[in-house]
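What follows is the content of final.txt (compact mmCIF, C-alpha atoms).
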```
# COMPACT_ATOMS: atom_id res chain seq x y z
CA MET H 26 0.00 0.00 0.00
CA ILE H 27 2.71 2.50 0.99
CA ALA H 28 4.87 1.51 -1.99
CA ALA H 29 1.99 2.00 -4.41
CA PHE H 30 1.13 5.34 -2.78
CA SER H 31 4.73 6.51 -3.08
CA LEU H 32 4.91 5.50 -6.73
CA ASP H 33 1.70 7.33 -7.70
CA ALA H 34 2.68 10.40 -5.65
CA ALA H 35 6.09 10.51 -7.34
CA ARG H 36 4.46 10.24 -10.77
CA ALA H 37 2.10 13.12 -9.89
CA ILE H 38 5.13 15.27 -9.01
CA ASP H 39 7.07 14.28 -12.11
CA ARG H 40 4.05 15.02 -14.33
CA PHE H 41 2.89 18.18 -12.52
CA ASP H 42 2.57 20.00 -15.86
CA ARG H 43 0.52 17.26 -17.53
CA SER H 44 -3.25 16.97 -17.58
CA ASP H 45 -3.20 13.63 -15.78
CA SER H 46 -1.29 14.90 -12.72
CA PRO H 47 -4.39 15.63 -10.57
CA TYR H 48 -5.67 12.13 -11.32
CA LEU H 49 -2.33 10.58 -10.36
CA LEU H 50 -2.61 12.39 -7.04
CA LEU H 51 -6.14 11.02 -6.57
CA ASP H 52 -4.84 7.53 -7.41
CA ALA H 53 -2.15 7.91 -4.78
CA ILE H 54 -4.63 8.96 -2.10
CA ASN H 55 -6.93 6.08 -3.09
CA ARG H 56 -4.13 3.69 -2.11
CA ILE H 57 -4.30 4.94 1.48
CA VAL H 58 -8.02 5.73 1.83
CA PRO H 59 -10.12 4.09 -0.89
CA PHE H 60 -13.08 6.13 -2.15
CA LYS H 61 -15.94 5.66 -4.58
CA LEU H 62 -15.84 9.14 -6.14
CA ALA H 63 -13.67 12.22 -5.90
CA MET H 64 -13.59 15.76 -7.21
CA SER H 65 -11.44 18.86 -6.83
CA VAL H 66 -11.95 22.57 -7.42
CA VAL H 67 -10.07 25.71 -6.43
CA TYR H 68 -11.95 28.53 -4.74
CA ARG H 69 -11.24 32.21 -5.34
CA ARG H 70 -12.83 35.08 -3.42
CA GLU H 71 -14.13 37.09 -6.35
CA ALA H 72 -14.65 34.52 -9.09
CA ALA H 73 -16.32 31.20 -9.71
CA PRO H 74 -14.41 28.07 -8.67
CA VAL H 75 -11.88 26.57 -11.07
CA TYR H 76 -12.45 22.96 -12.04
CA VAL H 77 -9.43 20.70 -11.55
CA ALA H 78 -10.52 17.05 -11.65
CA ASP H 79 -13.33 14.57 -10.97
CA THR H 80 -14.07 10.87 -11.23
CA PHE H 81 -17.83 11.22 -11.86
CA ALA H 82 -18.66 8.72 -14.58
CA ASN H 83 -22.13 9.58 -15.87
CA ARG H 84 -23.58 12.62 -17.59
CA SER H 85 -25.93 13.53 -14.74
CA GLY H 86 -22.96 13.78 -12.39
CA LYS H 87 -21.06 15.93 -14.87
CA ARG H 88 -24.07 18.19 -15.27
CA ALA H 89 -24.35 18.48 -11.49
CA LEU H 90 -20.75 19.71 -11.42
CA GLU H 91 -21.59 22.31 -14.05
CA LEU H 92 -24.52 23.54 -11.97
CA TYR H 93 -22.33 23.59 -8.88
CA ILE H 94 -19.65 25.77 -10.48
CA ALA H 95 -22.26 27.96 -12.16
CA GLY H 96 -23.83 28.93 -8.86
CA THR H 97 -24.78 26.39 -6.20
CA TYR H 98 -21.23 26.44 -4.81
CA ILE H 99 -22.35 29.59 -3.00
CA LEU H 100 -24.38 27.35 -0.68
CA ASN H 101 -21.53 24.91 -0.05
CA PRO H 102 -20.15 24.91 3.51
CA VAL H 103 -16.60 24.33 2.25
CA TYR H 104 -16.78 27.48 0.13
CA ASN H 105 -18.31 29.48 2.97
CA ALA H 106 -15.72 28.16 5.42
CA TYR H 107 -13.02 29.27 2.95
CA LEU H 108 -14.52 32.77 2.88
CA ASN H 109 -14.35 32.75 6.67
CA GLY H 110 -10.69 31.74 6.82
CA LEU H 111 -10.69 27.93 6.68
CA LYS H 112 -7.24 26.47 7.31
CA ALA H 113 -5.61 23.54 5.54
CA GLY H 114 -6.65 20.20 6.94
CA ILE H 115 -9.03 17.25 6.85
CA TYR H 116 -12.72 17.87 7.49
CA ARG H 117 -15.92 15.90 7.45
CA LEU H 118 -18.44 17.93 5.48
CA ARG H 119 -20.95 17.93 8.32
CA GLU H 120 -18.32 19.53 10.58
CA LEU H 121 -18.29 22.60 8.35
CA ALA H 122 -22.05 22.99 7.93
CA PRO H 123 -23.91 25.27 10.37
CA ASP H 124 -27.20 24.28 12.02
CA ALA H 125 -30.33 24.81 9.88
CA TYR H 126 -28.00 25.14 6.93
CA PHE H 127 -30.69 24.95 4.28
CA THR H 128 -34.20 26.47 4.31
CA SER H 129 -36.99 24.61 2.52
CA ASP H 130 -38.67 27.93 1.62
CA HIS H 131 -36.11 28.44 -1.12
CA TYR H 132 -34.82 25.08 -2.33
CA ARG H 133 -37.51 24.65 -5.01
CA HIS H 134 -36.53 27.89 -6.75
CA PHE H 135 -33.09 26.81 -7.94
CA LYS H 136 -31.19 23.74 -8.98
CA VAL H 137 -30.86 21.90 -5.71
CA GLN H 138 -32.99 19.13 -4.25
CA GLN H 139 -34.09 18.92 -0.65
CA GLN H 140 -33.01 15.50 0.64
CA VAL H 141 -33.50 14.68 4.32
CA ASP H 142 -31.04 11.79 4.14
CA GLU H 143 -28.20 13.94 2.77
CA GLU H 144 -25.53 15.37 5.07
CA LEU H 145 -26.58 18.94 4.25
CA GLY H 146 -30.30 18.32 3.75
CA TYR H 147 -29.99 18.99 0.02
CA ARG H 148 -27.89 18.24 -3.02
CA THR H 149 -27.38 19.76 -6.46
CA TYR H 150 -29.58 18.09 -9.09
CA GLY H 151 -27.76 15.07 -10.51
CA TRP H 152 -25.20 14.91 -7.70
CA PRO H 153 -24.52 11.31 -6.60
CA ALA H 154 -26.96 10.48 -3.81
CA GLY H 155 -26.43 8.98 -0.39
CA MET H 156 -22.76 9.88 -0.09
CA GLU H 157 -20.68 10.78 2.93
CA GLU H 158 -17.99 13.34 2.14
CA VAL H 159 -14.55 14.03 3.54
CA VAL H 160 -12.65 17.11 2.42
CA VAL H 161 -8.95 17.86 2.11
CA ALA H 162 -8.51 21.66 2.20
CA VAL H 163 -5.27 22.87 0.63
CA GLU H 164 -4.09 26.44 1.11
CA LEU H 165 -2.75 27.99 -2.10
CA PRO H 166 -0.92 31.23 -2.95
CA GLN H 167 -2.91 34.42 -3.61
CA ASP H 168 -5.51 33.56 -0.94
CA GLU H 169 -6.95 30.69 -2.97
CA MET H 170 -7.93 27.30 -1.56
CA ALA H 171 -8.30 23.85 -3.11
CA GLU H 172 -11.05 21.46 -2.11
CA ILE H 173 -10.38 17.78 -2.71
CA SER H 174 -13.51 15.88 -1.76
CA PHE H 175 -13.85 12.13 -1.41
CA TYR H 176 -17.16 10.25 -1.35
CA ARG H 177 -18.32 6.90 -0.03
CA LEU H 178 -21.81 5.52 0.34
CA ALA H 179 -23.14 6.43 3.76
CA SER H 180 -25.12 3.15 3.80
CA LEU H 181 -21.80 1.26 3.77
CA GLY H 182 -20.37 3.20 6.70
CA GLY H 183 -18.82 6.21 5.00
CA PHE H 184 -15.42 7.23 6.35
CA SER H 185 -14.13 6.06 9.73
CA ASP H 186 -12.08 8.06 12.20
CA ALA H 187 -9.12 5.89 11.16
CA ASP H 188 -9.63 6.94 7.53
CA CYS H 189 -9.59 10.61 8.51
CA GLU H 190 -6.46 10.07 10.60
CA ALA H 191 -4.76 8.35 7.66
CA LEU H 192 -5.57 11.37 5.49
CA ARG H 193 -4.15 13.70 8.14
CA THR H 194 -0.90 11.71 8.07
CA ILE H 195 -0.40 12.36 4.35
CA GLU H 196 -2.09 15.80 4.23
CA PRO H 197 1.18 17.81 4.18
CA LEU H 198 2.41 15.82 1.18
CA ILE H 199 -0.96 16.14 -0.59
CA GLY H 200 -0.76 19.91 -0.14
CA ALA H 201 2.81 20.14 -1.44
CA ILE H 202 2.00 18.11 -4.54
CA TYR H 203 -1.25 19.98 -5.19
CA ARG H 204 0.45 23.38 -5.00
CA ARG H 205 2.94 22.26 -7.63
CA ILE H 206 0.17 20.98 -9.89
CA TRP H 207 -1.81 24.20 -9.39
CA GLN H 208 1.07 26.31 -10.64
CA HIS H 209 0.42 24.78 -14.06
CA CYS H 210 -3.37 24.44 -13.83
CA ARG H 211 -3.75 28.09 -12.83
CA GLN H 212 -2.13 29.26 -16.04
CA ASP H 213 -4.51 27.07 -18.06
CA SER H 214 -7.52 28.47 -16.18
CA LYS H 215 -6.47 32.00 -17.12
CA ARG H 216 -6.43 31.06 -20.80
CA ASP H 217 -9.82 29.32 -20.64
CA THR H 218 -12.42 31.82 -21.87
CA HIS H 219 -15.29 29.63 -20.61
CA TRP H 220 -14.65 30.35 -16.96
CA ALA H 221 -17.23 32.89 -15.81
CA SER H 222 -15.95 35.43 -13.31
CA PHE H 223 -18.08 36.10 -10.26
CA ASP H 224 -18.43 39.74 -11.32
CA LEU H 225 -19.93 38.52 -14.61
CA LEU H 226 -22.32 36.22 -12.76
CA LEU H 227 -23.40 39.12 -10.55
CA GLY H 228 -24.36 41.04 -13.68
CA ASP H 229 -27.22 43.42 -12.98
CA PHE H 230 -28.32 41.69 -9.78
CA GLY H 231 -30.24 44.18 -7.65
CA LYS H 232 -30.29 46.96 -10.25
CA GLY H 233 -33.68 48.59 -10.68
CA LYS H 234 -34.66 47.81 -7.10
CA LEU H 235 -31.60 48.96 -5.18
CA SER H 236 -29.62 52.17 -5.14
CA PRO H 237 -26.10 51.98 -6.67
CA ARG H 238 -24.56 51.91 -3.18
CA GLU H 239 -26.96 49.21 -2.00
CA CYS H 240 -25.99 47.18 -5.08
CA ASP H 241 -22.33 47.59 -4.12
CA VAL H 242 -23.05 46.34 -0.62
CA ALA H 243 -25.14 43.40 -1.88
CA HIS H 244 -22.43 42.34 -4.33
CA LEU H 245 -19.74 42.47 -1.65
CA ILE H 246 -21.91 40.40 0.70
CA LEU H 247 -22.30 37.80 -2.03
CA LYS H 248 -18.53 37.80 -2.50
CA GLY H 249 -18.14 36.90 1.15
CA HIS H 250 -17.03 40.23 2.63
CA SER H 251 -17.79 40.99 6.28
CA GLY H 252 -19.29 44.28 7.39
CA GLU H 253 -15.83 45.53 8.33
CA SER H 254 -14.42 44.53 4.94
CA ILE H 255 -17.29 46.23 3.09
CA SER H 256 -16.63 49.34 5.16
CA ARG H 257 -12.98 49.36 4.11
CA ASN H 258 -13.70 48.63 0.46
CA LEU H 259 -16.36 51.32 0.08
CA GLY H 260 -14.86 53.89 2.43
CA ILE H 261 -17.95 54.10 4.60
CA SER H 262 -18.59 53.38 8.27
CA VAL H 263 -19.70 50.00 9.56
CA THR H 264 -22.89 51.67 10.79
CA THR H 265 -23.62 52.89 7.25
CA VAL H 266 -22.97 49.38 5.93
CA LYS H 267 -25.53 48.01 8.38
CA THR H 268 -28.04 50.65 7.27
CA HIS H 269 -27.51 49.77 3.57
CA ARG H 270 -27.83 46.06 4.40
CA GLN H 271 -31.13 46.64 6.24
CA ASN H 272 -32.47 48.77 3.41
CA LEU H 273 -31.52 46.36 0.63
CA TYR H 274 -32.99 43.41 2.56
CA ALA H 275 -36.24 45.36 2.98
CA LYS H 276 -36.41 46.33 -0.71
CA LEU H 277 -35.76 42.72 -1.81
CA GLY H 278 -38.15 41.26 0.76
CA LEU H 279 -35.40 39.37 2.58
CA SER H 280 -34.44 38.90 6.21
CA THR H 281 -31.20 36.86 6.10
CA GLN H 282 -27.97 36.55 4.16
CA GLN H 283 -28.98 32.99 3.21
CA GLU H 284 -32.07 34.41 1.52
CA LEU H 285 -29.86 36.86 -0.39
CA PHE H 286 -27.79 33.91 -1.65
CA SER H 287 -31.02 32.13 -2.59
CA LEU H 288 -32.29 35.12 -4.56
CA PHE H 289 -28.98 35.39 -6.37
CA LEU H 290 -29.10 31.69 -7.26
CA MET H 291 -32.60 32.17 -8.67
CA SER H 292 -31.21 34.92 -10.92
CA LEU H 293 -28.49 32.52 -12.07
CA GLN H 294 -31.09 29.91 -12.92
CA ARG H 295 -33.02 32.43 -15.00
CA GLN H 296 -29.82 33.29 -16.87
CA ASP H 297 -29.17 29.61 -17.47
CA ASP H 298 -32.75 28.95 -18.61
CA VAL H 299 -32.61 31.85 -21.07
CA SER H 300 -29.23 30.64 -22.30
CA SER H 301 -30.52 27.07 -22.74
CA ARG H 302 -33.44 28.29 -24.85
CA SER H 303 -31.10 30.37 -27.00
CA GLY H 304 -28.47 27.65 -27.32
CA GLY H 305 -25.84 29.58 -25.38
CA ALA H 306 -23.95 28.89 -22.20
CA ALA H 307 -24.34 31.95 -20.01
CA GLY H 308 -22.62 31.49 -16.72
CA MET H 309 -21.77 27.85 -17.46
CA VAL H 310 -18.33 26.35 -17.17
CA PRO H 311 -16.68 23.04 -18.06
CA ALA H 312 -17.82 20.11 -15.91
CA ARG H 313 -15.62 19.54 -12.91
```
Could I get this file's structure written as structure tokens?
Amino acid sequence: MIAAFSLDAARAIDRFDRSDSPYLLLDAINRIVPFKLAMSVVYRREAAPVYVADTFANRSGKRALELYIAGTYILNPVYNAYLNGLKAGIYRLRELAPDAYFTSDHYRHFKVQQQVDEELGYRTYGWPAGMEEVVVAVELPQDEMAEISFYRLASLGGFSDADCEALRTIEPLIGAIYRRIWQHCRQDSKRDTHWASFDLLLGDFGKGKLSPRECDVAHLILKGHSGESISRNLGISVTTVKTHRQNLYAKLGLSTQQELFSLFLMSLQRQDDVSSRSGGAAGMVPAR
């Protein structure tokens, strides 16, 4: 097992600039902690995630990844933990999710399904069902973070504490290899014109209902900025930020930040529906 892991890890390093390097890293990890499925993306604070690799075999899974990167990632606890300063390490997905993470009042309006037997209470349409997820978070330069997620059927026991401990043992090496691979992948992502920036996805969200300053505040909230960060970015006081937040929530008929995310996701779905009817790909990205 260790010999096979070492061989695959060495190949991933040697081929860091080749398209198969992320998969060689996944193969290496699979030698230590076997998994049914895996995927990896890189999160950025002001843009959509960058797809790196996945082992999803069917079209519905691939489509689910497209939907995830196009918008439902905003609901993901890994992404939100990253916005809040998540450190490198091994995490069970349920450890990152807050209580009452998902509200049934909004799930039907965008491309997620409410599922009581899922870890989060929902999943993106087409996402493999009944899975338990363990995440390797890798800190990257320029305040980016990689998510490598592994899935096993919850009905078969999911991941044990021993599995998580085994991942922690090799986590420093996983991070070192991934950072080397990302040096190459990041350049490719810059050249890929299909990746939709978060600013592009925001589009005209809130315009027509909100004042220009309220739109600025709403967009920064959606990008994950705290009240203090919005204050610094806009050159206004934290008290003024709170006033703008209260006003924009009132105008949009909202009461929580989660509802703001939900409304934004509904706008993404409308963009996608219009694009589908016209044969385009607004806001869509390659399947992860």
ask   = Counting only C-alpha atoms, which of H:Ile195, H:Ile38, H:Leu90, H:Ile115 gets nearest to Trp207 (chain H)?
value = H:Ile38
inquiry  = Need to verify the contact set: region 265-276 of chain H, 12 Å, all atoms listed in the file, exclusion of same-chain residues closer than 2 positions in sequence. Can you return it as JSON, numbers by chain?
reply    = {"H": [230, 231, 232, 233, 234, 235, 236, 237, 238, 239, 240, 241, 242, 243, 244, 245, 246, 247, 250, 251, 252, 253, 254, 255, 256, 257, 258, 259, 260, 261, 262, 263, 278, 279, 280, 281, 282, 283, 284, 285, 286, 288]}
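Here CA of Met291 (chain H) and CA of Val77 (chain H) stand 26.0 Å from one another.
Taking CA of Ala78 (chain H) and CA of Thr194 (chain H) as endpoints, the distance between them is 22.6 Å.
In this structure, CA of Tyr68 (chain H) sits 5.3 Å away from CA of Met170 (chain H).
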